[in-house]
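The structure appears below as structure tokens.
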Amino acid sequence: MKAVEMHNIVKIYPNGVVANRGVDFEVEEGEIHALVGENGAGKTTLMKILFGIEYPTSGEIRVFGKKVHITNPHVAISLGIGMVHQHFMLVPSLTVAENMILGMEPTKFTSIDYQRAVKMVEEAAEKYGLPVPAKEKVLDLPVGIKQRVEILKALIRGAKILILDEPTAVLTPQETGELFQALRNLAKSGMTIIFISHKLKEVKEISDRLTILRNGKNVGTFVTSEISEEEISRRMVGREVELVIERTESKPRDVVLRVENLEYTREDGVKVLNRISFSVRSGEILGVAGVEGNGQRELVEILTGLRFGAMGKVILNGENITNQPSHILRRKEMAHIPEDRVELGVALKATIAENLISDRYYKDPFCGRMVMKPQKIREFAEQAIKNFNIRADGPDSPVMMLSGGNIQKVLVAREFTSDAKLLIADQPTRGIDVGSTEFVRKKLIEAKDEGVAVLLVSADLQEILQLSDRIIVMYRGEIVGYFPKNEGLTEEELGYYMLGVRRHEESRIKEALIS
Amino acid sequence: MNLKRKLLLLETFRTLVTIVIALLIGYIILFFSTDEPLNAFKWFLVGPVSKTRRFVEFLNQTTPLIFTGLAVSIVFQAEIFNIGAEGQMFMGAVGATFAALHFPSVPFLHPILVMIFAMFVGGLWASVPAVMKAKWRASELVSSLMMNYIAFFLGLYIVNYYMRDLRAGYLVSYKYPKTAWLPKLIHIRYNLHIGIAIALGFAILTWFFLYRTKYGYEIRMTGFNRGFAIFSGIKVENVEMYSQIISGMIAGLAGSIEMMGLYRRFVWQVSPGYGFDGIIVALLARNNPLGVIPAALLVGYMRTGAYIMGRLSGVAPEIVKMLQSMIILLITAEAFLGFMRRKIIEKEAMRMESGGA
């Protein structure tokens, strides 16, 4: 029997982005079905439609053979569909049990029967083979366990179809192994699992069948064992791509950025950065690896003047810039590709041209003493659109109308043309298509070759290994690993440090700070 | 036709539809409140163009609305909800009265000095919520609203105790010296003063300021996405400060022009409501300074039509306030006729598809 049948699904977002262009998608009951495709191929949108978060522009959906209209997630849950999102939907300050029963609390008289909740959770954990610490606060749990809580949360609500949106993106290789074991057991007990991913190795390992999306269309469904990784990859991209980026030899020169003993305690009292020391030299890329949420975000925000109150010293080109605001740093030749491109990186309602000059709008040649020069701005924008291969109607289109990859290119175009000495790139290729990823990575190498000091923060280990000259690994706000070269280094090896299993000697970590 | 133009056309259409709907509802209300609804409605609709005098009245009604519409547009573009234009305009008028009565009576120079002083007072008044927000994170919505009350009672106090003309039979200030009168725009019997020309000039100036200067760029980017502005190195606290002060200056100027052009003395005993109607104008104009002109004309027309209807048919002009409010309710309901917007965008997306983009 087919658990899910989606026919001719079209989804156009209100901002004009076409995410699905008539997708057909079918999943058999009890199988692990991988949904693969590049970022921006429409995988997540398709699953959001199945889970009722988005409503399709047109198309038909059947669940266990019955035609359904999934107008919101409540409908989806009542149909036995559960979804585990890329970003966890848990209340950090509540315990595992409290999170689990949210909205379906067992009560005793008028209050929540906490004992029973814990028992419910423990029973479910037993039944599905997903052990979780029911009484602990979610806040204190490692990412892998949080994810398990999310899965269990869906199961406890009666899910028979489980959607996992890139579940391994935040996991270390070791945690991924545990997750896969759990998924296999679930599938054996009759659960249908839809697994979104663009990591082919994992797809090959875990799935029974797979469906490939490209550019919002289904380009084939296969039995996993009958198709090779190369073939999947070719169909995903629509051409042969070898994401090997020619890394040129680096010739590091003077130290541009020096971070000494940086410490930071967040508003909620958690010490998120502890004795962080490193330096970045002109003409090199320093990679910062680590599972998300281990202090990287705070580190970047402090370095770029968006977060204040840090202890220690940050020195840029010999000048102490600790806790200086962004408008001062922007004038000190620092460029920044932020993690959150829509929140910080662009103004969606502004035009491409306006977005491209946001850090230099007041300067020659774009502005006289007060009056701006629209012609000059336009020329620059047209040039940037061409050089950075931005697909748009022209400089006057609002950024809102662009796809994720093209929005990122607008941002990248601005930051790469700012003549900065230091570039801080935070997850520069997250969520964008392979073509754009390749482009951005090449630009990072180019910048390095031109003598820019690049600090690359990324959760994508492939990216870190591909681009970095030196690598530091962050775990719980500390640097726990330092690799002065990356030759022979593997993702697994980095994984042990990211998990906090292994740790370098204090003296070796200190070497990250080159004088 | 590109997408931007299509959406603009749709917005215009949407606005017109809401106006028609509001008028229909207005007619129904009239139907229940007067024996001659058709007659009353006729005066409301055509009153302002039925006689030269009434047409002049309509233009003079529009003038302050352009100014306050511009003032509100500037702060709204920065996503600052300073709704203190009413008080700023009131204080501008009080300041203008002081300046008109006490500054040297030099022809030509006198009205200019009065305007500058009124702008100063309006800006000063607007800076209070601005500073309170910057220093103590006081919501500008609340503080600017409160400043309106303070302006009203303090302004009346100042006029009644220091500038009141006791020979006039009612509460007004001394008459301004002739040098502080605004000249007429054209030589007709009725007082069509140059205020409307100044207002139109300011609309263009404000447009230029917002779309062609670096300060305007800062204001718009801060309004689009504050986080992005900070990230880009724009000092948003400064932007939020000066956008409010400039807005206050324009509102203050409106007060001085009303007094010098129309009444030639301070006459307000109730707050005139132009500041609040300015919010309506800005909303109708989608905060675009050039859009403020037709929006102010519309609101001015309705205001004038209402007064004429009141004079000639005995229907309370307050009915029009209800109409205005209904229009705004419909316009702010973004999803109203939203399906048309969605259709246009879906079509455009499909076009881009086939265009191979």
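A note on labels: chains of the structure tokens are A, B, ... as shown, every chain counts residues from 1, and ligands are counted from 1 in their shown order.
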(message) With only C-alpha atoms as the counted atoms, please give the residues lying no more than 8 Å from Ala85 in chain B, apart from itself and same-chain residues fewer than 6 positions off, as a PyMOL selection string.
(response) chain B and resi 68+71-72+148+247-248+251+275-276+278
Using N, CA and C atoms, can you export the residues from the last selection as a PDB file, in the first residue's frame?
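File produced: selection-v8.pdb:
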ATOM      1  N   THR B  68       1.451  67.440   6.740  1.00  0.00           N
ATOM      2  CA  THR B  68       1.438  66.412   7.779  1.00  0.00           C
ATOM      3  C   THR B  68       1.591  65.024   7.171  1.00  0.00           C
ATOM      4  N   ALA B  71       5.223  64.623   6.737  1.00  0.00           N
ATOM      5  CA  ALA B  71       5.868  64.449   8.041  1.00  0.00           C
ATOM      6  C   ALA B  71       5.709  62.997   8.502  1.00  0.00           C
ATOM      7  N   VAL B  72       4.494  62.495   8.387  1.00  0.00           N
ATOM      8  CA  VAL B  72       4.240  61.125   8.845  1.00  0.00           C
ATOM      9  C   VAL B  72       4.949  60.112   7.941  1.00  0.00           C
ATOM     10  N   ASN B 148       1.096  65.057  22.223  1.00  0.00           N
ATOM     11  CA  ASN B 148       0.001  65.778  21.570  1.00  0.00           C
ATOM     12  C   ASN B 148      -0.872  66.489  22.605  1.00  0.00           C
ATOM     13  N   SER B 247      10.725  65.192  10.561  1.00  0.00           N
ATOM     14  CA  SER B 247       9.274  65.049  10.478  1.00  0.00           C
ATOM     15  C   SER B 247       8.582  66.143  11.295  1.00  0.00           C
ATOM     16  N   GLY B 248       9.090  66.366  12.510  1.00  0.00           N
ATOM     17  CA  GLY B 248       8.516  67.401  13.372  1.00  0.00           C
ATOM     18  C   GLY B 248       8.654  68.793  12.772  1.00  0.00           C
ATOM     19  N   ALA B 251       5.962  69.237  10.203  1.00  0.00           N
ATOM     20  CA  ALA B 251       4.665  69.426  10.854  1.00  0.00           C
ATOM     21  C   ALA B 251       4.579  70.829  11.450  1.00  0.00           C
ATOM     22  N   GLY B 275      -2.901  66.572  11.961  1.00  0.00           N
ATOM     23  CA  GLY B 275      -1.820  65.626  12.245  1.00  0.00           C
ATOM     24  C   GLY B 275      -2.299  64.193  12.137  1.00  0.00           C
ATOM     25  N   PHE B 276      -3.489  63.951  12.687  1.00  0.00           N
ATOM     26  CA  PHE B 276      -4.014  62.585  12.620  1.00  0.00           C
ATOM     27  C   PHE B 276      -4.435  62.237  11.199  1.00  0.00           C
ATOM     28  N   GLY B 278      -3.024  63.334   8.737  1.00  0.00           N
ATOM     29  CA  GLY B 278      -1.748  63.116   8.050  1.00  0.00           C
ATOM     30  C   GLY B 278      -1.372  61.644   8.043  1.00  0.00           C
TER      31      GLY B 278
END
(request) List every residue of range 63-181 of chain B that DSSP, applied to the backbone of this structure, assigns to helix (DSSP H, G or I), and report them as a PyMOL selection string. (result) chain B and resi 63-77+85-102+109-136+140-162+178-180
Using only C-alpha atoms, I'd like a table of the residues in chain A that come within 10 Å of chain B; for each, show the closest atom pair and its distance in Å rounded to one decimal, ordered by chain and ascending number, as JSON lines.
{"residue": "A:Lys11", "atom": "CA", "partner": "B:Glu346", "partner_atom": "CA", "distance": 9.4}
{"residue": "A:Ile12", "atom": "CA", "partner": "B:Glu346", "partner_atom": "CA", "distance": 6.3}
{"residue": "A:Tyr13", "atom": "CA", "partner": "B:Glu346", "partner_atom": "CA", "distance": 8.1}
{"residue": "A:Pro14", "atom": "CA", "partner": "B:Arg342", "partner_atom": "CA", "distance": 6.2}
{"residue": "A:Asn15", "atom": "CA", "partner": "B:Ile345", "partner_atom": "CA", "distance": 7.1}
{"residue": "A:Gly16", "atom": "CA", "partner": "B:Ala349", "partner_atom": "CA", "distance": 5.2}
{"residue": "A:Val17", "atom": "CA", "partner": "B:Ala349", "partner_atom": "CA", "distance": 6.6}
{"residue": "A:Val18", "atom": "CA", "partner": "B:Ala349", "partner_atom": "CA", "distance": 6.6}
{"residue": "A:Arg21", "atom": "CA", "partner": "B:Glu353", "partner_atom": "CA", "distance": 9.8}
{"residue": "A:Thr57", "atom": "CA", "partner": "B:Glu346", "partner_atom": "CA", "distance": 9.2}
{"residue": "A:Glu301", "atom": "CA", "partner": "B:Phe231", "partner_atom": "CA", "distance": 9.9}
{"residue": "A:Thr304", "atom": "CA", "partner": "B:Phe231", "partner_atom": "CA", "distance": 8.3}
{"residue": "A:Gly305", "atom": "CA", "partner": "B:Phe231", "partner_atom": "CA", "distance": 8.3}
{"residue": "A:Leu306", "atom": "CA", "partner": "B:Phe231", "partner_atom": "CA", "distance": 7.2}
{"residue": "A:Pro325", "atom": "CA", "partner": "B:Gly233", "partner_atom": "CA", "distance": 8.3}
{"residue": "A:Ser326", "atom": "CA", "partner": "B:Gly233", "partner_atom": "CA", "distance": 5.3}
{"residue": "A:His327", "atom": "CA", "partner": "B:Gly233", "partner_atom": "CA", "distance": 3.6}
{"residue": "A:Ile328", "atom": "CA", "partner": "B:Gly233", "partner_atom": "CA", "distance": 7.1}
{"residue": "A:Leu329", "atom": "CA", "partner": "B:Gly233", "partner_atom": "CA", "distance": 7.8}
{"residue": "A:Arg330", "atom": "CA", "partner": "B:Gly233", "partner_atom": "CA", "distance": 5.7}
{"residue": "A:Arg331", "atom": "CA", "partner": "B:Gly233", "partner_atom": "CA", "distance": 8.0}
{"residue": "A:Ala335", "atom": "CA", "partner": "B:Ser232", "partner_atom": "CA", "distance": 9.4}
{"residue": "A:His336", "atom": "CA", "partner": "B:Phe231", "partner_atom": "CA", "distance": 8.5}
{"residue": "A:Ile337", "atom": "CA", "partner": "B:Phe231", "partner_atom": "CA", "distance": 9.9}
{"residue": "A:Pro338", "atom": "CA", "partner": "B:Phe231", "partner_atom": "CA", "distance": 8.8}
{"residue": "A:Arg341", "atom": "CA", "partner": "B:Phe228", "partner_atom": "CA", "distance": 9.1}
{"residue": "A:Val342", "atom": "CA", "partner": "B:Phe228", "partner_atom": "CA", "distance": 8.5}
{"residue": "A:Glu343", "atom": "CA", "partner": "B:Gly227", "partner_atom": "CA", "distance": 6.6}
{"residue": "A:Leu344", "atom": "CA", "partner": "B:Phe228", "partner_atom": "CA", "distance": 4.3}
{"residue": "A:Gly345", "atom": "CA", "partner": "B:Phe228", "partner_atom": "CA", "distance": 5.8}
{"residue": "A:Val346", "atom": "CA", "partner": "B:Phe228", "partner_atom": "CA", "distance": 5.9}
{"residue": "A:Ala347", "atom": "CA", "partner": "B:Asn225", "partner_atom": "CA", "distance": 5.5}
{"residue": "A:Leu348", "atom": "CA", "partner": "B:Phe224", "partner_atom": "CA", "distance": 7.5}
{"residue": "A:Lys349", "atom": "CA", "partner": "B:Phe224", "partner_atom": "CA", "distance": 6.3}
{"residue": "A:Ala350", "atom": "CA", "partner": "B:Phe224", "partner_atom": "CA", "distance": 7.0}
{"residue": "A:Glu354", "atom": "CA", "partner": "B:Tyr217", "partner_atom": "CA", "distance": 8.4}
{"residue": "A:Asn355", "atom": "CA", "partner": "B:Met221", "partner_atom": "CA", "distance": 8.8}
{"residue": "A:Ile357", "atom": "CA", "partner": "B:Ser232", "partner_atom": "CA", "distance": 9.1}
{"residue": "A:Ser358", "atom": "CA", "partner": "B:Ser232", "partner_atom": "CA", "distance": 5.7}
{"residue": "A:Asp359", "atom": "CA", "partner": "B:Ser232", "partner_atom": "CA", "distance": 4.9}
{"residue": "A:Arg360", "atom": "CA", "partner": "B:Ser232", "partner_atom": "CA", "distance": 8.6}
{"residue": "A:Tyr361", "atom": "CA", "partner": "B:Lys214", "partner_atom": "CA", "distance": 6.8}
{"residue": "A:Tyr362", "atom": "CA", "partner": "B:Lys214", "partner_atom": "CA", "distance": 5.9}
{"residue": "A:Lys363", "atom": "CA", "partner": "B:Lys214", "partner_atom": "CA", "distance": 9.4}
{"residue": "A:Phe366", "atom": "CA", "partner": "B:Lys214", "partner_atom": "CA", "distance": 9.4}
{"residue": "A:Cys367", "atom": "CA", "partner": "B:Lys214", "partner_atom": "CA", "distance": 7.1}
{"residue": "A:Gly368", "atom": "CA", "partner": "B:Lys214", "partner_atom": "CA", "distance": 8.9}
{"residue": "A:Arg369", "atom": "CA", "partner": "B:Lys214", "partner_atom": "CA", "distance": 8.6}
{"residue": "A:Met370", "atom": "CA", "partner": "B:Thr213", "partner_atom": "CA", "distance": 5.5}
{"residue": "A:Val371", "atom": "CA", "partner": "B:Thr213", "partner_atom": "CA", "distance": 4.3}
{"residue": "A:Met372", "atom": "CA", "partner": "B:Thr213", "partner_atom": "CA", "distance": 5.2}
{"residue": "A:Lys373", "atom": "CA", "partner": "B:Arg212", "partner_atom": "CA", "distance": 7.6}
{"residue": "A:Pro374", "atom": "CA", "partner": "B:Arg212", "partner_atom": "CA", "distance": 7.7}
{"residue": "A:Arg391", "atom": "CA", "partner": "B:Ala357", "partner_atom": "CA", "distance": 6.9}
{"residue": "A:Ala392", "atom": "CA", "partner": "B:Ala357", "partner_atom": "CA", "distance": 7.9}
{"residue": "A:Asp393", "atom": "CA", "partner": "B:Ala357", "partner_atom": "CA", "distance": 9.0}
{"residue": "A:Asp396", "atom": "CA", "partner": "B:Lys4", "partner_atom": "CA", "distance": 9.4}
{"residue": "A:Ser397", "atom": "CA", "partner": "B:Lys4", "partner_atom": "CA", "distance": 8.2}
{"residue": "A:Pro398", "atom": "CA", "partner": "B:Lys4", "partner_atom": "CA", "distance": 9.1}
{"residue": "A:Met401", "atom": "CA", "partner": "B:Ala349", "partner_atom": "CA", "distance": 9.1}
Emit the selected residues as a PDB file, in the first residue's frame, including C-alpha atoms.
ATOM      1  CA  LYS A  11       3.831  25.698  -5.202  1.00  0.00           C
ATOM      2  CA  ILE A  12       4.422  29.370  -5.920  1.00  0.00           C
ATOM      3  CA  TYR A  13       5.330  31.456  -2.886  1.00  0.00           C
ATOM      4  CA  PRO A  14       3.755  34.883  -2.412  1.00  0.00           C
ATOM      5  CA  ASN A  15       7.073  36.498  -3.317  1.00  0.00           C
ATOM      6  CA  GLY A  16       6.978  34.769  -6.690  1.00  0.00           C
ATOM      7  CA  VAL A  17       9.464  31.994  -6.014  1.00  0.00           C
ATOM      8  CA  VAL A  18       8.378  28.779  -7.711  1.00  0.00           C
ATOM      9  CA  ARG A  21       6.693  22.689 -10.615  1.00  0.00           C
ATOM     10  CA  THR A  57      -0.961  26.283  -5.366  1.00  0.00           C
ATOM     11  CA  GLU A 301      28.739  38.546  16.357  1.00  0.00           C
ATOM     12  CA  THR A 304      31.681  41.971  13.746  1.00  0.00           C
ATOM     13  CA  GLY A 305      30.326  44.415  16.297  1.00  0.00           C
ATOM     14  CA  LEU A 306      26.830  43.038  16.614  1.00  0.00           C
ATOM     15  CA  PRO A 325      30.039  48.564  17.097  1.00  0.00           C
ATOM     16  CA  SER A 326      29.560  47.499  13.499  1.00  0.00           C
ATOM     17  CA  HIS A 327      29.471  51.014  12.065  1.00  0.00           C
ATOM     18  CA  ILE A 328      33.029  51.574  13.288  1.00  0.00           C
ATOM     19  CA  LEU A 329      34.255  48.153  12.139  1.00  0.00           C
ATOM     20  CA  ARG A 330      32.717  48.609   8.707  1.00  0.00           C
ATOM     21  CA  ARG A 331      35.002  51.582   8.262  1.00  0.00           C
ATOM     22  CA  ALA A 335      33.595  42.488   5.485  1.00  0.00           C
ATOM     23  CA  HIS A 336      31.055  40.034   6.833  1.00  0.00           C
ATOM     24  CA  ILE A 337      28.909  37.350   5.236  1.00  0.00           C
ATOM     25  CA  PRO A 338      26.395  36.665   7.980  1.00  0.00           C
ATOM     26  CA  ARG A 341      21.197  36.272   5.193  1.00  0.00           C
ATOM     27  CA  VAL A 342      17.562  37.331   5.307  1.00  0.00           C
ATOM     28  CA  GLU A 343      17.642  38.726   8.846  1.00  0.00           C
ATOM     29  CA  LEU A 344      20.922  40.588   8.507  1.00  0.00           C
ATOM     30  CA  GLY A 345      22.435  40.256   5.084  1.00  0.00           C
ATOM     31  CA  VAL A 346      19.869  41.970   2.905  1.00  0.00           C
ATOM     32  CA  ALA A 347      16.814  44.198   2.971  1.00  0.00           C
ATOM     33  CA  LEU A 348      14.303  42.105   1.042  1.00  0.00           C
ATOM     34  CA  LYS A 349      12.092  45.016   0.038  1.00  0.00           C
ATOM     35  CA  ALA A 350      14.984  47.129  -1.194  1.00  0.00           C
ATOM     36  CA  GLU A 354      20.314  49.435  -2.928  1.00  0.00           C
ATOM     37  CA  ASN A 355      21.424  46.222  -1.277  1.00  0.00           C
ATOM     38  CA  ILE A 357      25.835  49.585  -1.725  1.00  0.00           C
ATOM     39  CA  SER A 358      24.627  49.334   1.855  1.00  0.00           C
ATOM     40  CA  ASP A 359      28.139  49.555   3.306  1.00  0.00           C
ATOM     41  CA  ARG A 360      29.417  52.294   0.994  1.00  0.00           C
ATOM     42  CA  TYR A 361      26.391  54.339   0.038  1.00  0.00           C
ATOM     43  CA  TYR A 362      27.871  57.466   1.599  1.00  0.00           C
ATOM     44  CA  LYS A 363      31.189  57.244  -0.199  1.00  0.00           C
ATOM     45  CA  PHE A 366      28.102  56.570  -5.060  1.00  0.00           C
ATOM     46  CA  CYS A 367      27.477  59.748  -3.162  1.00  0.00           C
ATOM     47  CA  GLY A 368      28.635  63.311  -3.127  1.00  0.00           C
ATOM     48  CA  ARG A 369      28.519  65.217   0.122  1.00  0.00           C
ATOM     49  CA  MET A 370      24.860  64.457   0.539  1.00  0.00           C
ATOM     50  CA  VAL A 371      23.286  63.634  -2.782  1.00  0.00           C
ATOM     51  CA  MET A 372      23.564  60.131  -4.149  1.00  0.00           C
ATOM     52  CA  LYS A 373      24.501  59.368  -7.727  1.00  0.00           C
ATOM     53  CA  PRO A 374      21.902  56.970  -9.125  1.00  0.00           C
ATOM     54  CA  ARG A 391      19.887  36.009 -12.082  1.00  0.00           C
ATOM     55  CA  ALA A 392      17.549  38.978 -11.988  1.00  0.00           C
ATOM     56  CA  ASP A 393      15.554  41.309 -14.184  1.00  0.00           C
ATOM     57  CA  ASP A 396      15.861  47.729  -9.745  1.00  0.00           C
ATOM     58  CA  SER A 397      14.207  44.405  -8.913  1.00  0.00           C
ATOM     59  CA  PRO A 398      13.565  43.940  -5.240  1.00  0.00           C
ATOM     60  CA  MET A 401      11.978  38.286  -5.946  1.00  0.00           C
TER      61      MET A 401
END
(message) Between CA of Ile280 in chain B and CA of Phe58 in chain B, what is the distance in Å, rounded to a tenth?
(response) 17.2 Å
(message) Give me the residues near range 321-323 of chain A as a VMD selection string, where near means some atom within 12 Å (using only C-alpha atoms) and where sequence neighbours in that chain fewer than 2 positions away do not count.
(response) chain A and resid 257 to 264 299 to 319 325 to 332 334
(request) Please provide as a PyMOL selection string all residues within 8 Å of range 177-183 of chain B, with the sequence filter that same-chain residues fewer than 2 positions apart are discarded (counting only C-alpha atoms). (result) chain B and resi 100-101+105-108+110-111+114+175+185+193-195+257+260-261+264
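The interatomic distance for the pair CA of Pro317 in chain B and CA of Gly26 in chain B works out to 11.5 Å.
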(request) Measure the distance from CA of Ile245 in chain B to CA of Arg303 in chain B in Å and round it to one decimal. (result) 28.0 Å
(message) Based on the backbone DSSP call, show me all residues of range 283-501 of chain A assigned strand (DSSP E or B), as a ChimeraX atom specification.
(response) /A:285-289,311-316,319-320,334-337,351,367,371-372,398,422-426,453-457,470-475,478-483
(request) Write out as a list in words the residues lying within 10 Å of Gly495 in chain A, counting only C-alpha atoms and excluding same-chain residues fewer than 5 positions away. (result) Leu171, Thr172, Pro173, Gln174, Glu175, Ala289, Gly290, Val291, Leu461, Val473, Thr490, Gly500, Val501 and Arg502 of chain A
(request) Name all residues at most 7 Å from Asp277 in chain B (count only C-alpha atoms; drop same-chain ones fewer than 4 positions away) and give them as a list of chain:residue names. (result) B:Leu65, B:Gly273, B:Val281
(message) With distances taken over only C-alpha atoms, which residue among B:Ile204, B:Ala126, B:Met132, B:Leu30 lies nearest Gly291 in chain B?
(response) B:Ile204
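Proximity to Val170 in chain A was assessed for A:Asp419, A:Glu123, A:Glu226, A:Asp460 counting only C-alpha atoms; the smallest distance is recorded for A:Asp460.
Excluding Asp254 in chain A itself and same-chain residues fewer than 5 positions from it, the residues having an atom within 12 Å of it are A:Ser279, A:Val280, A:Arg281, A:Ser282, A:Gly283, A:Glu284, A:Leu316, A:Asn317, A:Gly318, A:Lys421, A:Leu422, A:Gly451, A:Val452, A:Ala453, A:Ile514, A:Ser515, counting only C-alpha atoms.
If you measure from each of B:Phe336, B:Phe76, B:Tyr27, B:Tyr174 to Val94 in chain B using only C-alpha atoms, the closest one turns out to be B:Tyr174.
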